[in-house]
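Student: Just passing along the structure, written as structure tokens.
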Amino acid sequence: MSNQKQKVVVLTGAGISAESGLATFRDADGLWEGHDVMEVASPEGWRKNPELVLEFYNQRRKSALDVKPNAAHLALVKLEEMFDVRIITQNVDDLHERAGSTHILHLHGKLFENRSTQDSSLIYPVQGWELKLGDLCEKGSQLRPNIVWFGEPVPLIEQAIEETMTADYLLVIGTSLQVYPAAGLLSYAPHDTPIYLVDPNTPAVSHRRNLTILKEKATEGVPKIVKQFLAS
Ligand code: APR
């Protein structure tokens, strides 16, 4: 049965987690307000002041510990009843996992993992939320959050492109589409693929046919679209 299901590729951004209580990046009061991105989320920043970087991510982990998936995350799980749903998320929180989605690609890494600074294949689930200077991997190198920083390659982008190229539908939720390569994924969807965009401040997406824009919050727009899909 499952190979007969149509494929819905879902690209999510910080906006889908906003109503769970996690700040977005570029909205007012967003995470980048009051932070110099390059200081806290780049290899240069890490070299210059690792303590500041660790403090930034420790705080984000702390805020993400007790949050719950919202109606948008849950609706995407329900969509799996009839569709082959592939989530490509720019989010580093684990709300899609907590909701129960099955196929999730974390393009920008995971907040609840650390990795070795020397060997990116050495990845460790986070025990508590605090990572300190002096916390080492099994080979004796400093651990860092398993996050893709600005200026670093995005290892899962090829896989995300492949998923998008075979999408029957594309659902884009809560992303300003300002950060590449993630923002470029839309252009890999086959030309006539229907695209649904859910965001109260819809970003500019040009030259697409079959584009439906829901200028709504994720918890309103996503359950609505899912209901429509399941009824079709
Ligand atoms: N429901 C849906 N969308 C929302 C909601 C909501 N309740 N609240 C805000 N949004 C939208 C905003 O209108 C905006 O378009 O979510 C989007 C958030 O955009 P950004 O803050 O730029 O987040 P994102 O697109 O995920 O950022 C991409 O940038 O800094 C990096 O690595 C970081 O993964 C992140 C990447």
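In the structure tokens, chains take letters A, B, ... by order of appearance, with residues numbered from 1 within each chain and ligands from 1 in the order shown.
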List all protein, DNA and RNA residues that have at least one atom no more than 7 Å from any atom of ligand 1, counting only C-alpha atoms and all ligand atoms, and write them as number ranges by chain.

Tutor: A: 12-16, 18-19, 24-27, 30, 90-91, 108, 173-179, 198-203, 216-219

Student: Keeping only N, CA and C atoms, take the residues you just selected and write them out as a compact mmCIF listing (two decimals), in the first residue's frame.

Tutor:
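Contents of out_35.txt, as written:
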# COMPACT_ATOMS: atom_id res chain seq x y z
N THR A 12 9.78 22.97 6.71
CA THR A 12 9.36 23.80 7.85
C THR A 12 10.50 24.70 8.32
N GLY A 13 10.06 25.83 8.92
CA GLY A 13 11.00 26.77 9.51
C GLY A 13 10.53 27.14 10.91
N ALA A 14 11.21 28.09 11.50
CA ALA A 14 10.97 28.44 12.90
C ALA A 14 9.51 28.78 13.19
N GLY A 15 8.78 29.27 12.17
CA GLY A 15 7.39 29.67 12.38
C GLY A 15 6.48 28.55 12.84
N ILE A 16 6.81 27.30 12.49
CA ILE A 16 5.92 26.20 12.91
C ILE A 16 6.06 25.94 14.41
N ALA A 18 6.71 28.44 16.57
CA ALA A 18 6.47 29.70 17.30
C ALA A 18 5.34 29.56 18.31
N GLU A 19 4.26 28.89 17.89
CA GLU A 19 3.12 28.77 18.81
C GLU A 19 3.32 27.69 19.87
N THR A 24 11.24 32.68 16.82
CA THR A 24 11.78 32.56 15.46
C THR A 24 13.09 33.37 15.43
N PHE A 25 13.66 33.52 14.25
CA PHE A 25 14.94 34.23 14.15
C PHE A 25 14.77 35.69 13.77
N ARG A 26 13.94 35.92 12.72
CA ARG A 26 13.93 37.24 12.11
C ARG A 26 12.70 38.07 12.41
N ASP A 27 11.74 37.52 13.19
CA ASP A 27 10.59 38.34 13.60
C ASP A 27 11.05 39.28 14.72
N GLY A 30 12.91 38.18 17.78
CA GLY A 30 13.47 36.91 17.31
C GLY A 30 14.85 36.66 17.92
N GLN A 90 14.22 23.09 8.89
CA GLN A 90 15.39 23.92 9.21
C GLN A 90 15.52 24.06 10.72
N ASN A 91 14.52 23.53 11.43
CA ASN A 91 14.50 23.70 12.88
C ASN A 91 15.42 22.70 13.57
N HIS A 108 19.60 21.72 9.48
CA HIS A 108 20.52 22.58 10.23
C HIS A 108 20.98 21.95 11.55
N ILE A 173 6.08 25.79 5.43
CA ILE A 173 5.43 26.32 6.64
C ILE A 173 6.42 27.14 7.49
N GLY A 174 6.07 28.40 7.73
CA GLY A 174 6.78 29.20 8.73
C GLY A 174 8.25 29.40 8.49
N THR A 175 8.59 29.76 7.27
CA THR A 175 10.00 30.10 7.01
C THR A 175 10.07 31.35 6.16
N SER A 176 11.02 32.22 6.48
CA SER A 176 11.17 33.46 5.71
C SER A 176 11.89 33.20 4.38
N LEU A 177 12.36 32.00 4.17
CA LEU A 177 13.06 31.62 2.93
C LEU A 177 14.20 32.58 2.61
N GLN A 178 14.93 32.93 3.63
CA GLN A 178 16.06 33.84 3.42
C GLN A 178 17.40 33.15 3.49
N VAL A 179 17.38 31.89 3.96
CA VAL A 179 18.66 31.22 4.17
C VAL A 179 18.83 30.07 3.17
N VAL A 198 2.24 28.35 4.14
CA VAL A 198 1.51 28.81 5.33
C VAL A 198 2.42 29.70 6.15
N ASP A 199 2.07 30.98 6.25
CA ASP A 199 2.92 31.93 6.98
C ASP A 199 2.12 33.24 7.10
N PRO A 200 2.03 33.82 8.29
CA PRO A 200 1.27 35.07 8.41
C PRO A 200 1.92 36.22 7.62
N ASN A 201 3.23 36.14 7.39
CA ASN A 201 3.91 37.16 6.57
C ASN A 201 4.56 36.44 5.40
N THR A 202 3.78 36.19 4.38
CA THR A 202 4.31 35.31 3.34
C THR A 202 5.52 35.88 2.63
N PRO A 203 6.57 35.06 2.57
CA PRO A 203 7.78 35.49 1.86
C PRO A 203 7.53 35.52 0.35
N GLU A 216 -1.68 32.71 7.22
CA GLU A 216 -2.22 32.35 8.53
C GLU A 216 -1.13 31.76 9.40
N LYS A 217 -1.42 31.71 10.70
CA LYS A 217 -0.50 31.04 11.61
C LYS A 217 -0.53 29.54 11.33
N ALA A 218 0.57 28.89 11.67
CA ALA A 218 0.69 27.45 11.38
C ALA A 218 -0.44 26.65 12.02
N THR A 219 -0.82 26.96 13.25
CA THR A 219 -1.84 26.14 13.94
C THR A 219 -3.22 26.30 13.30

Student: Mind listing the strand (DSSP E or B) residues of segment 20-176 of chain A, per DSSP on the backbone, as number ranges by chain?

Tutor: A: 84-89, 104-106, 109-116, 123-125, 136, 142-147, 169-173

Student: I need the chosen residues saved as a compact mmCIF listing (two decimals), in the first residue's frame, with N, CA and C atoms.

Tutor:
# COMPACT_ATOMS: atom_id res chain seq x y z
N ASP A 84 2.57 9.82 1.84
CA ASP A 84 3.96 9.57 2.20
C ASP A 84 4.56 10.95 2.52
N VAL A 85 4.68 11.25 3.81
CA VAL A 85 5.07 12.60 4.23
C VAL A 85 6.57 12.64 4.55
N ARG A 86 7.26 13.54 3.92
CA ARG A 86 8.71 13.71 4.14
C ARG A 86 8.96 15.11 4.67
N ILE A 87 9.36 15.21 5.91
CA ILE A 87 9.58 16.54 6.48
C ILE A 87 11.05 16.93 6.35
N ILE A 88 11.25 18.11 5.79
CA ILE A 88 12.59 18.69 5.74
C ILE A 88 12.52 19.92 6.62
N THR A 89 13.17 19.88 7.75
CA THR A 89 13.04 21.02 8.65
C THR A 89 14.36 21.77 8.80
N ILE A 104 12.00 12.60 9.00
CA ILE A 104 12.37 13.98 9.30
C ILE A 104 13.86 14.19 8.98
N LEU A 105 14.13 15.17 8.14
CA LEU A 105 15.52 15.55 7.86
C LEU A 105 15.80 16.86 8.56
N HIS A 106 16.79 16.89 9.41
CA HIS A 106 17.15 18.14 10.09
C HIS A 106 18.30 18.80 9.34
N GLY A 109 20.82 20.64 11.66
CA GLY A 109 21.31 19.95 12.85
C GLY A 109 20.26 19.83 13.94
N LYS A 110 20.72 19.38 15.10
CA LYS A 110 19.80 19.11 16.21
C LYS A 110 20.31 19.74 17.50
N LEU A 111 19.40 20.42 18.16
CA LEU A 111 19.73 21.09 19.42
C LEU A 111 20.08 20.10 20.53
N PHE A 112 19.45 18.92 20.49
CA PHE A 112 19.67 17.95 21.57
C PHE A 112 20.72 16.90 21.20
N GLU A 113 21.70 17.36 20.45
CA GLU A 113 22.87 16.52 20.18
C GLU A 113 24.13 17.38 20.27
N ASN A 114 25.21 16.73 20.72
CA ASN A 114 26.53 17.36 20.65
C ASN A 114 27.36 16.57 19.66
N ARG A 115 28.39 17.23 19.16
CA ARG A 115 29.32 16.46 18.33
C ARG A 115 30.75 16.90 18.58
N SER A 116 31.66 16.01 18.20
CA SER A 116 33.07 16.31 18.37
C SER A 116 33.49 17.44 17.43
N ILE A 123 28.74 11.77 17.24
CA ILE A 123 27.56 12.53 17.66
C ILE A 123 26.98 11.91 18.92
N TYR A 124 26.59 12.76 19.86
CA TYR A 124 26.09 12.25 21.14
C TYR A 124 24.77 12.94 21.50
N PRO A 125 23.76 12.15 21.87
CA PRO A 125 22.53 12.78 22.37
C PRO A 125 22.86 13.54 23.65
N LEU A 136 34.38 16.64 26.67
CA LEU A 136 35.13 16.08 25.55
C LEU A 136 34.45 14.87 24.91
N GLN A 142 37.10 18.71 22.23
CA GLN A 142 35.97 19.49 22.77
C GLN A 142 34.68 19.17 22.01
N LEU A 143 33.59 19.07 22.74
CA LEU A 143 32.28 18.91 22.11
C LEU A 143 31.67 20.27 21.77
N ARG A 144 30.87 20.29 20.72
CA ARG A 144 30.12 21.49 20.33
C ARG A 144 28.68 21.06 20.02
N PRO A 145 27.76 21.99 19.97
CA PRO A 145 26.40 21.60 19.59
C PRO A 145 26.40 21.05 18.16
N ASN A 146 25.56 20.06 17.90
CA ASN A 146 25.49 19.49 16.55
C ASN A 146 24.56 20.34 15.67
N ILE A 147 25.02 21.55 15.43
CA ILE A 147 24.25 22.54 14.67
C ILE A 147 25.08 22.93 13.45
N TYR A 169 3.40 16.95 -3.90
CA TYR A 169 2.94 18.22 -3.32
C TYR A 169 4.06 18.77 -2.45
N LEU A 170 4.09 20.09 -2.34
CA LEU A 170 5.08 20.72 -1.47
C LEU A 170 4.34 21.65 -0.50
N LEU A 171 4.67 21.51 0.77
CA LEU A 171 4.04 22.32 1.80
C LEU A 171 5.15 23.09 2.50
N VAL A 172 5.06 24.41 2.50
CA VAL A 172 6.13 25.24 3.08
C VAL A 172 5.54 26.01 4.26
N ILE A 173 6.08 25.79 5.43
CA ILE A 173 5.43 26.32 6.64
C ILE A 173 6.42 27.14 7.49

Student: Mind checking which residues fall within 10 Å of Val205 of chain A, counting only C-alpha atoms, ignoring those fewer than 4 positions away in the same chain, and posting them as a list in words?

Tutor: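 In the requested format, the answer is Leu177, Ala183, Leu186, Ser187, Leu197, Leu211 and Ile213 of chain A.
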
Student: Restricted to N, CA and C atoms, what would the selected residues look like written as a PDB file, in the first residue's frame?

Tutor:
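Dumped everything to out.pdb:
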ATOM      1  N   LEU A 177      12.359  31.998   4.172  1.00  0.00           N
ATOM      2  CA  LEU A 177      13.061  31.615   2.934  1.00  0.00           C
ATOM      3  C   LEU A 177      14.201  32.582   2.605  1.00  0.00           C
ATOM      4  N   ALA A 183      16.338  27.565   1.253  1.00  0.00           N
ATOM      5  CA  ALA A 183      15.357  28.363   0.523  1.00  0.00           C
ATOM      6  C   ALA A 183      15.305  27.983  -0.960  1.00  0.00           C
ATOM      7  N   LEU A 186      12.706  24.919  -3.125  1.00  0.00           N
ATOM      8  CA  LEU A 186      11.445  25.054  -3.880  1.00  0.00           C
ATOM      9  C   LEU A 186      11.674  24.882  -5.377  1.00  0.00           C
ATOM     10  N   SER A 187      12.804  25.351  -5.839  1.00  0.00           N
ATOM     11  CA  SER A 187      13.045  25.320  -7.284  1.00  0.00           C
ATOM     12  C   SER A 187      13.312  23.906  -7.791  1.00  0.00           C
ATOM     13  N   LEU A 197       1.744  27.407   0.866  1.00  0.00           N
ATOM     14  CA  LEU A 197       2.623  28.179   1.744  1.00  0.00           C
ATOM     15  C   LEU A 197       1.803  28.667   2.937  1.00  0.00           C
ATOM     16  N   LEU A 211       0.562  27.817  -6.980  1.00  0.00           N
ATOM     17  CA  LEU A 211       0.967  28.261  -5.638  1.00  0.00           C
ATOM     18  C   LEU A 211      -0.261  28.732  -4.862  1.00  0.00           C
ATOM     19  N   ILE A 213      -1.373  30.394  -1.247  1.00  0.00           N
ATOM     20  CA  ILE A 213      -0.800  31.031  -0.061  1.00  0.00           C
ATOM     21  C   ILE A 213      -1.855  31.152   1.028  1.00  0.00           C
TER      22      ILE A 213
END

Student: Within 12 Å of Glu80 of chain A, counting only C-alpha atoms, which residues show up once you throw out same-chain ones fewer than 3 positions away? Write them as JSON, numbers by chain, please.

Tutor: {"A": [2, 5, 6, 7, 8, 9, 10, 73, 74, 75, 76, 77, 83, 84, 85, 86, 87, 100, 101, 102, 103, 226, 227, 229, 230]}

Student: Taking the DSSP secondary structure from the backbone, can you list the residues of segment 8-198 of chain A that are helix (DSSP H, G or I), as a count of residues only?

Tutor: 59

Student: To one decimal place in Å, what is the distance between atom CA of Val53 of chain A and atom CA of Gly140 of chain A?

Tutor: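 We find that atom CA of Val53 of chain A and atom CA of Gly140 of chain A lie 19.9 Å from each other.
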
Student: My list of candidates is A:Glu152, A:Glu39, A:Glu162, A:Glu97. Which is closest to Lys68 of chain A when distances are computed with only C-alpha atoms?

Tutor: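 Ranked by minimum distance to Lys68 of chain A, first place goes to A:Glu97.
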
Student: Quick one: pull the distance between atom CA of Leu79 of chain A and atom CA of Leu22 of chain A, Å, one decimal.

Tutor: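 Interatomic distance here is 23.5 Å.
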
Student: Choose the residue, out of A:Met82, A:Leu31, A:Ala23, A:Leu52, that has the smallest atom-to-atom separation from Ala231 of chain A; count only C-alpha atoms.

Tutor: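 Of the candidates, the smallest distance to Ala231 of chain A is held by A:Met82.
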
Student: What is the distance, in Å and to one decimal place, between atom CA of Glu51 of chain A and atom CA of Phe150 of chain A?

Tutor: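 Atom-to-atom, atom CA of Glu51 of chain A and atom CA of Phe150 of chain A are spaced 17.7 Å apart.
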